[in-house]
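What follows is the content of structure_29.tsv (TSV, C-alpha atoms).
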chain	number	residue	atom	x	y	z
A	91	MET	CA	26.49	-7.47	-10.95
A	92	ALA	CA	23.16	-6.35	-9.50
A	93	LEU	CA	22.69	-4.13	-6.49
A	94	PRO	CA	21.20	-6.13	-3.59
A	95	GLU	CA	17.46	-5.64	-3.08
A	96	ILE	CA	17.53	-2.57	-5.31
A	97	PHE	CA	13.77	-2.58	-5.83
A	98	HIS	CA	13.04	-3.94	-2.36
A	99	LYS	CA	10.81	-2.08	0.00
A	100	GLY	CA	9.50	-4.17	2.85
A	101	ILE	CA	6.27	-3.12	4.51
A	102	ARG	CA	6.55	-4.16	8.14
A	103	ARG	CA	4.91	-1.74	10.53
A	104	GLY	CA	3.64	-4.13	13.19
A	105	LYS	CA	2.62	-2.49	16.45
A	106	HIS	CA	2.79	1.04	15.00
A	107	TRP	CA	-0.38	0.39	12.97
A	108	ARG	CA	-2.79	-0.03	15.89
A	109	ASN	CA	-5.87	2.22	15.95
A	110	LEU	CA	-5.33	3.37	12.35
A	111	ALA	CA	-9.06	3.47	11.61
A	112	GLY	CA	-9.65	5.93	14.44
A	113	ILE	CA	-6.72	8.09	13.39
A	114	GLN	CA	-7.92	8.23	9.80
A	115	LEU	CA	-11.52	9.04	10.84
A	116	ARG	CA	-10.29	11.95	12.95
A	117	ARG	CA	-8.27	13.31	10.05
A	118	VAL	CA	-11.17	13.03	7.61
A	119	ARG	CA	-13.38	14.99	10.03
A	120	GLU	CA	-10.70	17.63	10.44
A	121	GLY	CA	-9.94	17.86	6.72
A	122	LEU	CA	-6.38	16.64	7.24
A	123	THR	CA	-6.16	13.74	4.80
A	124	ASP	CA	-3.71	15.46	2.43
A	125	PRO	CA	-0.22	14.81	3.88
A	126	ARG	CA	0.99	18.20	2.67
A	127	SER	CA	-1.63	19.94	4.83
A	128	ARG	CA	-0.91	18.03	8.03
A	129	LEU	CA	2.77	17.07	7.91
A	130	LEU	CA	4.63	20.34	7.66
A	131	PRO	CA	8.05	20.10	9.36
A	132	GLY	CA	7.84	21.56	12.85
A	133	THR	CA	4.23	20.54	13.49
A	134	SER	CA	3.30	18.00	16.17
A	135	ASP	CA	1.86	15.63	13.56
A	136	TYR	CA	5.09	15.74	11.59
A	137	GLU	CA	7.14	15.08	14.72
A	138	LEU	CA	4.95	12.05	15.54
A	139	HIS	CA	5.35	10.58	12.05
A	140	SER	CA	9.11	11.22	12.04
A	141	ARG	CA	9.56	9.62	15.44
A	142	LYS	CA	7.60	6.52	14.41
A	143	GLU	CA	9.70	6.28	11.27
A	144	ARG	CA	12.97	6.43	13.19
A	145	GLU	CA	11.76	3.92	15.77
A	146	HIS	CA	10.60	1.49	13.11
A	147	TYR	CA	13.90	1.38	11.22
A	148	SER	CA	16.02	1.52	14.38
A	149	GLU	CA	14.20	-1.57	15.66
A	150	MET	CA	14.60	-3.32	12.31
A	151	TYR	CA	18.39	-3.03	12.36
A	152	ALA	CA	18.96	-3.23	16.14
A	153	GLY	CA	18.96	-7.02	16.40
A	154	ASP	CA	21.91	-7.58	14.07
A	155	PRO	CA	24.63	-4.89	13.87
A	156	SER	CA	26.00	-6.49	10.69
A	157	LEU	CA	22.68	-6.01	8.90
A	158	LEU	CA	22.84	-3.29	6.26
A	159	PHE	CA	19.87	-4.34	4.10
A	160	GLU	CA	16.28	-5.08	4.97
A	161	PRO	CA	15.68	-8.85	5.02
A	162	GLU	CA	13.76	-10.10	2.00
A	163	PRO	CA	12.19	-13.44	1.06
A	164	PRO	CA	13.70	-15.60	-1.71
A	165	THR	CA	10.66	-14.90	-3.88
A	166	TRP	CA	11.44	-11.19	-3.90
A	167	MET	CA	15.09	-11.85	-4.62
A	168	GLU	CA	13.94	-13.82	-7.68
A	169	VAL	CA	11.62	-10.99	-8.72
A	170	GLU	CA	14.50	-8.54	-8.45
A	171	ARG	CA	16.74	-10.77	-10.55
A	172	ARG	CA	14.11	-10.73	-13.28
A	173	THR	CA	13.63	-7.00	-12.83
A	174	GLU	CA	17.29	-6.35	-13.58
A	175	SER	CA	16.77	-8.04	-16.95
A	176	LEU	CA	13.78	-5.79	-17.64
A	177	VAL	CA	15.78	-2.67	-16.81
A	178	ARG	CA	18.66	-3.82	-19.01
A	179	GLU	CA	16.31	-4.46	-21.93
A	180	ALA	CA	14.58	-1.09	-21.51
A	181	THR	CA	17.65	1.12	-20.92
A	182	GLY	CA	20.70	-0.75	-22.23
A	183	ASN	CA	22.28	-1.31	-18.81
A	184	ASP	CA	21.41	-2.73	-15.43
A	185	ILE	CA	20.89	-0.47	-12.42
A	186	THR	CA	24.38	-0.96	-11.02
A	187	GLY	CA	25.86	-0.27	-14.43
A	188	HIS	CA	24.07	3.07	-14.72
A	189	VAL	CA	25.38	4.17	-11.33
A	190	LEU	CA	28.94	2.87	-11.68
A	191	SER	CA	29.38	4.27	-15.19
A	192	ARG	CA	28.89	7.73	-13.69
A	193	LEU	CA	31.07	7.07	-10.65
A	194	THR	CA	34.03	5.70	-12.58
A	195	GLY	CA	33.96	7.96	-15.63
A	196	ARG	CA	36.66	10.22	-14.20
A	197	PRO	CA	38.54	10.65	-10.90
A	198	GLY	CA	37.00	12.56	-8.04
A	199	VAL	CA	33.32	12.19	-8.92
A	200	ARG	CA	31.11	13.25	-6.02
A	201	MET	CA	27.89	11.38	-5.26
A	202	LEU	CA	25.23	12.29	-2.74
A	203	SER	CA	22.89	9.56	-1.51
A	204	LEU	CA	19.64	10.89	-0.08
A	205	GLY	CA	17.95	8.75	2.57
A	206	SER	CA	20.75	6.20	2.64
A	207	GLY	CA	19.88	4.46	5.92
A	208	PRO	CA	22.93	2.42	7.01
A	209	GLY	CA	24.42	2.73	3.52
A	210	GLY	CA	24.53	-0.89	2.40
A	211	VAL	CA	24.19	-0.04	-1.30
A	212	GLU	CA	26.54	2.93	-1.01
A	213	LEU	CA	29.25	0.85	0.66
A	214	MET	CA	29.08	-1.64	-2.17
A	215	LEU	CA	29.35	1.15	-4.74
A	216	ALA	CA	32.32	2.68	-2.93
A	217	GLY	CA	34.08	-0.68	-3.02
A	218	GLU	CA	33.62	-0.81	-6.81
A	219	ALA	CA	34.56	2.85	-7.37
A	220	PRO	CA	37.16	3.73	-4.68
A	221	GLU	CA	38.20	6.99	-6.36
A	222	CYS	CA	34.75	8.56	-6.06
A	223	ARG	CA	33.58	10.51	-3.01
A	224	ILE	CA	30.22	9.48	-1.56
A	225	THR	CA	28.22	11.42	1.02
A	226	CYS	CA	25.23	9.70	2.65
A	227	ILE	CA	22.38	11.66	4.24
A	228	ASP	CA	19.68	10.26	6.51
A	229	PHE	CA	17.71	11.56	9.50
A	230	ASN	CA	18.20	8.40	11.58
A	231	GLU	CA	21.42	8.68	13.57
A	232	ASN	CA	21.24	5.02	14.63
A	233	LEU	CA	21.43	3.86	11.02
A	234	LEU	CA	24.14	6.38	10.13
A	235	ALA	CA	26.25	5.02	12.99
A	236	LEU	CA	26.00	1.52	11.53
A	237	GLY	CA	27.20	2.83	8.18
A	238	ARG	CA	30.12	4.72	9.70
A	239	THR	CA	31.25	1.62	11.56
A	240	ARG	CA	31.09	-0.58	8.50
A	241	ALA	CA	32.87	1.99	6.31
A	242	ARG	CA	35.66	2.25	8.88
A	243	GLU	CA	35.97	-1.55	9.05
A	244	GLN	CA	36.21	-1.78	5.25
A	245	GLY	CA	38.54	1.18	4.88
A	246	LEU	CA	36.09	3.09	2.66
A	247	ALA	CA	35.99	6.89	2.66
A	248	LEU	CA	32.25	7.47	2.90
A	249	GLU	CA	30.82	10.45	4.77
A	250	PHE	CA	27.58	10.06	6.76
A	251	GLN	CA	25.61	13.18	7.67
A	252	LYS	CA	22.36	13.61	9.59
A	253	ALA	CA	19.69	15.69	7.84
A	254	ASP	CA	15.95	15.58	7.25
A	255	LEU	CA	15.08	15.44	3.55
A	256	ASN	CA	11.90	17.39	4.20
A	257	ASN	CA	13.81	20.56	5.10
A	258	VAL	CA	17.38	19.91	3.97
A	259	SER	CA	19.46	22.69	2.45
A	260	LEU	CA	22.04	21.36	-0.03
A	261	PRO	CA	25.16	23.23	-1.18
A	262	GLU	CA	25.06	24.77	-4.62
A	263	GLY	CA	26.87	22.96	-7.47
A	264	GLU	CA	28.49	20.37	-5.23
A	265	PHE	CA	27.65	16.93	-6.66
A	266	ASP	CA	27.96	15.11	-9.98
A	267	LEU	CA	25.43	12.41	-9.08
A	268	ILE	CA	22.44	12.26	-6.75
A	269	PHE	CA	21.33	8.74	-5.86
A	270	CYS	CA	17.94	8.05	-4.24
A	271	HIS	CA	17.43	4.40	-3.40
A	272	ALA	CA	13.95	3.63	-2.00
A	273	SER	CA	13.96	6.93	-0.11
A	274	LEU	CA	11.82	9.53	-1.90
A	275	HIS	CA	8.56	7.77	-1.10
A	276	HIS	CA	9.28	8.68	2.55
A	277	VAL	CA	9.39	12.43	1.74
A	278	VAL	CA	6.34	14.68	2.06
A	279	ASN	CA	8.04	17.88	0.89
A	280	LEU	CA	9.00	16.52	-2.53
A	281	GLU	CA	8.72	19.81	-4.40
A	282	ASP	CA	11.28	21.60	-2.23
A	283	LEU	CA	13.60	18.59	-2.23
A	284	ALA	CA	13.50	18.50	-6.05
A	285	ALA	CA	14.58	22.16	-6.08
A	286	GLU	CA	17.45	21.37	-3.70
A	287	ILE	CA	18.58	18.50	-5.93
A	288	ARG	CA	18.62	20.78	-8.98
A	289	LYS	CA	20.59	23.35	-7.01
A	290	THR	CA	23.30	20.96	-5.83
A	291	LEU	CA	23.86	19.14	-9.14
A	292	ARG	CA	26.85	20.28	-11.15
A	293	PRO	CA	26.50	20.95	-14.90
A	294	GLY	CA	26.16	17.61	-16.65
A	295	GLY	CA	25.14	15.92	-13.41
A	296	ALA	CA	22.47	13.26	-13.07
A	297	LEU	CA	19.79	12.10	-10.66
A	298	ILE	CA	19.25	8.33	-10.37
A	299	VAL	CA	16.12	7.12	-8.61
A	300	VAL	CA	14.99	3.63	-7.63
A	301	ASP	CA	11.74	3.78	-5.74
A	302	VAL	CA	8.21	2.69	-4.91
A	303	ILE	CA	5.51	4.48	-6.91
A	304	ALA	CA	2.44	2.72	-5.59
A	305	ARG	CA	-0.61	4.78	-4.78
A	306	THR	CA	0.01	7.02	-1.76
A	307	GLY	CA	-0.13	5.03	1.47
A	308	TYR	CA	0.91	1.86	-0.36
A	309	ARG	CA	-2.69	1.40	-1.39
A	310	MET	CA	-3.58	-0.19	-4.69
A	311	TRP	CA	-4.88	1.72	-7.67
A	312	PRO	CA	-8.48	0.61	-8.41
A	313	GLU	CA	-7.51	-1.25	-11.58
A	314	THR	CA	-4.71	-3.01	-9.69
A	315	ARG	CA	-7.01	-4.01	-6.85
A	316	ARG	CA	-9.49	-5.67	-9.22
A	317	VAL	CA	-6.81	-7.91	-10.72
A	318	VAL	CA	-5.03	-8.61	-7.43
A	319	GLU	CA	-8.22	-9.58	-5.62
A	320	THR	CA	-9.21	-11.91	-8.46
A	321	LEU	CA	-5.83	-13.67	-8.22
A	322	TRP	CA	-5.93	-13.66	-4.42
A	323	ALA	CA	-9.21	-15.55	-4.41
A	324	THR	CA	-7.56	-18.48	-6.22
A	325	LEU	CA	-4.77	-18.95	-3.66
A	326	PRO	CA	-4.87	-21.58	-0.89
A	327	ALA	CA	-4.78	-20.25	2.67
A	328	ARG	CA	-1.07	-20.97	3.20
A	329	TYR	CA	-0.17	-18.26	0.64
A	330	ARG	CA	-2.33	-15.66	2.40
A	331	VAL	CA	-0.50	-15.46	5.73
A	332	ASN	CA	0.56	-11.85	6.40
A	333	HIS	CA	4.02	-11.75	8.03
A	334	THR	CA	4.52	-8.04	8.67
A	335	ALA	CA	1.45	-5.82	8.93
A	336	TYR	CA	0.24	-6.75	12.41
A	337	GLY	CA	3.31	-7.52	14.49
A	338	GLU	CA	2.36	-11.20	14.31
A	339	ARG	CA	1.56	-13.67	11.55
A	340	ARG	CA	-2.08	-13.54	10.60
A	341	LEU	CA	-4.20	-15.11	7.86
A	342	ASP	CA	-5.76	-12.44	5.64
A	343	ARG	CA	-9.16	-13.17	4.16
A	344	ARG	CA	-8.66	-10.25	1.79
A	345	ILE	CA	-5.30	-9.03	0.58
A	346	TRP	CA	-3.96	-6.24	2.77
A	347	ASP	CA	-4.55	-2.71	1.45
A	348	GLY	CA	-4.75	-0.77	4.69
A	349	GLY	CA	-2.61	2.30	4.05
A	350	THR	CA	0.80	3.07	5.57
A	351	ASP	CA	0.77	6.86	5.76
A	352	HIS	CA	-1.17	7.31	9.01
A	353	GLU	CA	1.71	7.22	11.49
A	354	GLY	CA	5.09	6.79	9.79
A	355	MET	CA	6.34	8.17	6.47
A	356	GLU	CA	6.07	4.99	4.39
A	357	CYS	CA	4.70	5.84	0.90
A	358	ILE	CA	3.58	9.21	2.24
A	359	ARG	CA	3.38	10.64	-1.31
A	360	SER	CA	4.50	7.74	-3.47
A	361	GLY	CA	1.66	8.29	-5.91
A	362	ASP	CA	2.93	11.83	-6.67
A	363	LEU	CA	6.58	10.93	-7.13
A	364	VAL	CA	6.84	10.39	-10.88
A	365	GLY	CA	4.89	13.54	-11.71
A	366	ILE	CA	7.10	15.69	-9.48
A	367	LEU	CA	10.30	14.18	-10.87
A	368	GLU	CA	9.23	14.76	-14.45
A	369	SER	CA	8.12	18.34	-13.82
A	370	ASN	CA	11.59	19.15	-12.48
A	371	PHE	CA	13.93	16.93	-14.53
A	372	GLU	CA	14.37	15.64	-18.06
A	373	ARG	CA	13.92	11.90	-18.39
A	374	VAL	CA	17.04	10.14	-19.72
A	375	PHE	CA	16.04	6.53	-18.93
A	376	PHE	CA	12.92	5.19	-17.29
A	377	ALA	CA	11.49	1.77	-16.51
A	378	SER	CA	8.49	0.84	-14.38
A	379	CYS	CA	7.44	-2.61	-13.22
A	380	HIS	CA	5.76	-4.61	-10.45
A	381	GLY	CA	2.13	-3.92	-11.23
A	382	LEU	CA	1.21	-7.14	-9.40
A	383	SER	CA	4.34	-8.89	-8.12
A	384	ARG	CA	5.01	-6.56	-5.21
A	385	ARG	CA	1.63	-7.45	-3.68
A	386	PHE	CA	2.26	-11.21	-3.63
A	387	PHE	CA	6.02	-11.72	-3.27
A	388	ASN	CA	7.43	-8.93	-1.11
A	389	THR	CA	7.94	-9.19	2.66
A	390	MET	CA	4.26	-9.22	3.54
A	391	TYR	CA	3.38	-12.51	1.80
A	392	GLY	CA	6.58	-13.57	0.04
A	393	TRP	CA	7.78	-15.68	2.97
A	394	ASN	CA	4.88	-18.08	2.26
A	395	TYR	CA	6.55	-19.39	-0.90
A	396	ASP	CA	9.22	-22.03	-1.27
A	397	LEU	CA	10.66	-21.83	-4.78
A	398	ALA	CA	11.93	-25.40	-4.50
A	399	GLN	CA	8.27	-26.46	-4.64
A	400	PRO	CA	6.87	-26.72	-8.21
A	401	LEU	CA	3.51	-25.15	-7.35
A	402	ASP	CA	5.10	-22.18	-5.58
A	403	ARG	CA	7.42	-21.48	-8.51
A	404	ALA	CA	4.57	-21.93	-10.99
A	405	ILE	CA	2.53	-19.29	-9.13
A	406	LEU	CA	5.46	-16.88	-9.21
A	407	ASP	CA	6.04	-17.52	-12.94
A	408	TRP	CA	2.35	-17.04	-13.75
A	409	ILE	CA	1.91	-13.80	-11.80
A	410	TRP	CA	5.25	-12.42	-13.08
A	411	GLU	CA	4.33	-13.03	-16.72
A	412	LEU	CA	0.87	-11.52	-16.25
A	413	ASP	CA	2.43	-8.58	-14.44
A	414	CYS	CA	4.88	-7.86	-17.27
A	415	ARG	CA	2.19	-8.07	-19.95
A	416	MET	CA	-0.29	-5.85	-18.12
A	417	VAL	CA	2.28	-3.16	-17.26
A	418	SER	CA	3.84	-3.13	-20.74
A	419	SER	CA	0.38	-2.86	-22.35
A	420	GLY	CA	-0.62	0.01	-20.06
A	421	LYS	CA	-3.43	-1.92	-18.39
A	422	LEU	CA	-1.74	-1.61	-15.00
A	423	ARG	CA	0.63	0.95	-13.51
A	424	GLY	CA	3.96	-0.25	-12.22
A	425	GLU	CA	4.52	0.10	-8.48
A	426	SER	CA	8.32	0.33	-8.80
A	427	MET	CA	10.47	2.57	-10.96
A	428	PHE	CA	14.02	3.14	-12.11
A	429	GLY	CA	14.88	6.50	-13.62
A	430	VAL	CA	17.89	8.49	-14.72
A	431	TYR	CA	17.20	12.24	-14.94
A	432	ALA	CA	18.96	15.45	-15.89
A	433	PRO	CA	17.89	18.90	-14.61
A	434	ARG	CA	15.59	20.85	-16.91
A	435	GLN	CA	17.50	23.67	-18.53
A	436	ASN	CA	14.73	26.26	-18.12
A	437	GLN	CA	14.50	25.92	-14.34
Could you render the structure as structure tokens?
Amino acid sequence: MALPEIFHKGIRRGKHWRNLAGIQLRRVREGLTDPRSRLLPGTSDYELHSRKEREHYSEMYAGDPSLLFEPEPPTWMEVERRTESLVREATGNDITGHVLSRLTGRPGVRMLSLGSGPGGVELMLAGEAPECRITCIDFNENLLALGRTRAREQGLALEFQKADLNNVSLPEGEFDLIFCHASLHHVVNLEDLAAEIRKTLRPGGALIVVDVIARTGYRMWPETRRVVETLWATLPARYRVNHTAYGERRLDRRIWDGGTDHEGMECIRSGDLVGILESNFERVFFASCHGLSRRFFNTMYGWNYDLAQPLDRAILDWIWELDCRMVSSGKLRGESMFGVYAPRQNQ
């Protein structure tokens, strides 16, 4: 069984991205382009970004109280199905298997999910491992309320707590497993959070991360952009309609690479994530993927494809195969990762 949308991260900022060019120009002039220099918790800039982040996700889930996962196009669901096979081949188990094997190994295992949102993944895990104890942390009270309601309806003993991962203080030696599902790329204070994770893990504990590791701001690395733009130029106009970046559908002449880190917290330091993880933890398992596929088949453009149509499926097959070959050969960096980590013993 695969976790739903485990590698999914939709980019849908809409109206919050207006006037981004002016904002960025001001920050360049003021020397504030490094997020660590301008987004310290407690500053006005940090409060603006945090508020935009909460508003964005509150709006996303407000229309349907039963919604616990971000909507995704069928193309991305197919990409994720194939991704599970890649993870299994690389690590000997699928993503769900890695998590559940640690939750069900003995009674009373404690798991902490950081940046859980409404807890859709965590509720599913609790249903499979009812003897474990799961605590979910997020800074959006609206999403936590959705999770509490659903847990109560399903009779699952999950705990939902409000906390900001950029300044959270975790109890020492409290948890056997830390789970971060598409959350760390929203964190600017990654170094301090890594220290808190090490502190709260019990001896023999593990950190499991599924996340976006695109260049900071969800921009493309230069080598990625060259390949993506070459492929983009071959696509008919109907595949180049952008569904999420502008608040309305719009045909893109060039593939979108505008940057997401100007107002919210989306991919605020995604390009730094792997380096920080590996300076604080020992790698147990690791797999990276989606050097190209995320750009064509995720929520921004993925809704343009109908996999029942031979041409649409052929495009997906072609880009997927090229993606796998270029990432495995080291010619492109993956933009998604799965990792299992243990704390370094000398820290």
Proximity check region 266-329 of chain A to region 384-389 of chain A, 12 Å, nearest pairs one decimal Å, all atoms listed in the file, as a Markdown table:
| residue | atom | partner | partner_atom | distance |
| --- | --- | --- | --- | --- |
| A:Val302 | CA | A:Arg384 | CA | 9.8 |
| A:Ile303 | CA | A:Arg384 | CA | 11.2 |
| A:Ala304 | CA | A:Arg384 | CA | 9.6 |
| A:Tyr308 | CA | A:Arg385 | CA | 9.9 |
| A:Arg309 | CA | A:Arg385 | CA | 10.1 |
| A:Met310 | CA | A:Arg385 | CA | 9.0 |
| A:Trp311 | CA | A:Arg385 | CA | 11.9 |
| A:Thr314 | CA | A:Arg385 | CA | 9.8 |
| A:Arg315 | CA | A:Arg385 | CA | 9.8 |
| A:Val317 | CA | A:Arg385 | CA | 11.0 |
| A:Val318 | CA | A:Arg385 | CA | 7.7 |
| A:Glu319 | CA | A:Arg385 | CA | 10.3 |
| A:Leu321 | CA | A:Phe386 | CA | 9.6 |
| A:Trp322 | CA | A:Phe386 | CA | 8.6 |
| A:Leu325 | CA | A:Phe386 | CA | 10.5 |
| A:Tyr329 | CA | A:Phe386 | CA | 8.6 |
Contacts of His276 (chain A) at 9 Å or less, counting all atoms listed in the file, minus same-chain residues fewer than 4 places along, as a PDB file with C-alpha atoms, keeping the file's coordinate frame?
ATOM      1  CA  GLY A 205      17.950   8.750   2.570  1.00  0.00           C
ATOM      2  CA  LEU A 255      15.080  15.440   3.550  1.00  0.00           C
ATOM      3  CA  ALA A 272      13.950   3.630  -2.000  1.00  0.00           C
ATOM      4  CA  GLY A 354       5.090   6.790   9.790  1.00  0.00           C
ATOM      5  CA  MET A 355       6.340   8.170   6.470  1.00  0.00           C
ATOM      6  CA  GLU A 356       6.070   4.990   4.390  1.00  0.00           C
ATOM      7  CA  CYS A 357       4.700   5.840   0.900  1.00  0.00           C
ATOM      8  CA  ILE A 358       3.580   9.210   2.240  1.00  0.00           C
ATOM      9  CA  ARG A 359       3.380  10.640  -1.310  1.00  0.00           C
ATOM     10  CA  SER A 360       4.500   7.740  -3.470  1.00  0.00           C
TER      11      SER A 360
END
Within 9 Å of (19.1, 13.8, -16.5) (coordinates as in the file), grab all the protein and nucleic acid residues, counting all atoms listed in the file, and write them out as a count of residues only.
16
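Residues with any atom within 12 Å of Arg415 (chain A), counting all atoms listed in the file and excluding same-chain neighbours fewer than 6 positions away, are Cys379, His380, Gly381, Leu382, Trp408, Ile409, Lys421, Leu422, Arg423 and Gly424 of chain A.
Interatomic distance, CA of Leu291 (chain A) to CA of Met201 (chain A): 9.6 Å.
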If I only want region 209-227 of chain A, can you write it with N, CA and C atoms, as a CSV table (one decimal), in the first residue's frame?
chain,number,residue,atom,x,y,z
A,209,GLY,N,-3.3,16.3,8.7
A,209,GLY,CA,-3.0,15.0,9.2
A,209,GLY,C,-3.6,13.8,8.4
A,210,GLY,N,-3.8,14.0,7.1
A,210,GLY,CA,-4.3,13.0,6.2
A,210,GLY,C,-3.4,11.7,6.2
A,211,VAL,N,-2.1,11.9,6.0
A,211,VAL,CA,-1.2,10.8,6.0
A,211,VAL,C,-1.1,10.1,7.4
A,212,GLU,N,-1.1,11.0,8.5
A,212,GLU,CA,-1.0,10.5,9.8
A,212,GLU,C,-2.2,9.7,10.3
A,213,LEU,N,-3.4,10.1,9.8
A,213,LEU,CA,-4.6,9.4,10.2
A,213,LEU,C,-4.5,8.0,9.5
A,214,MET,N,-4.1,7.9,8.3
A,214,MET,CA,-4.0,6.6,7.6
A,214,MET,C,-3.0,5.7,8.3
A,215,LEU,N,-1.9,6.3,8.8
A,215,LEU,CA,-0.9,5.5,9.5
A,215,LEU,C,-1.4,5.0,10.8
A,216,ALA,N,-2.2,5.9,11.5
A,216,ALA,CA,-2.7,5.5,12.8
A,216,ALA,C,-3.7,4.3,12.6
A,217,GLY,N,-4.5,4.3,11.5
A,217,GLY,CA,-5.4,3.3,11.3
A,217,GLY,C,-4.7,1.9,11.0
A,218,GLU,N,-3.5,2.0,10.5
A,218,GLU,CA,-2.7,0.7,10.2
A,218,GLU,C,-1.9,0.3,11.4
A,219,ALA,N,-1.6,1.2,12.3
A,219,ALA,CA,-0.8,0.9,13.5
A,219,ALA,C,-1.5,1.5,14.8
A,220,PRO,N,-2.6,0.9,15.2
A,220,PRO,CA,-3.4,1.6,16.3
A,220,PRO,C,-2.8,1.6,17.6
A,221,GLU,N,-1.7,0.8,17.8
A,221,GLU,CA,-1.1,0.7,19.1
A,221,GLU,C,0.0,1.8,19.3
A,222,CYS,N,0.3,2.5,18.2
A,222,CYS,CA,1.3,3.6,18.3
A,222,CYS,C,0.7,4.8,18.8
A,223,ARG,N,1.5,5.8,19.2
A,223,ARG,CA,1.0,7.1,19.6
A,223,ARG,C,1.6,8.2,18.7
A,224,ILE,N,0.7,8.9,18.0
A,224,ILE,CA,1.1,9.9,17.0
A,224,ILE,C,0.7,11.3,17.5
A,225,THR,N,1.7,12.2,17.5
A,225,THR,CA,1.5,13.6,17.8
A,225,THR,C,1.8,14.4,16.5
A,226,CYS,N,0.8,15.2,16.1
A,226,CYS,CA,1.0,16.1,14.9
A,226,CYS,C,1.2,17.5,15.3
A,227,ILE,N,2.2,18.2,14.7
A,227,ILE,CA,2.4,19.6,15.0
A,227,ILE,C,2.3,20.4,13.7
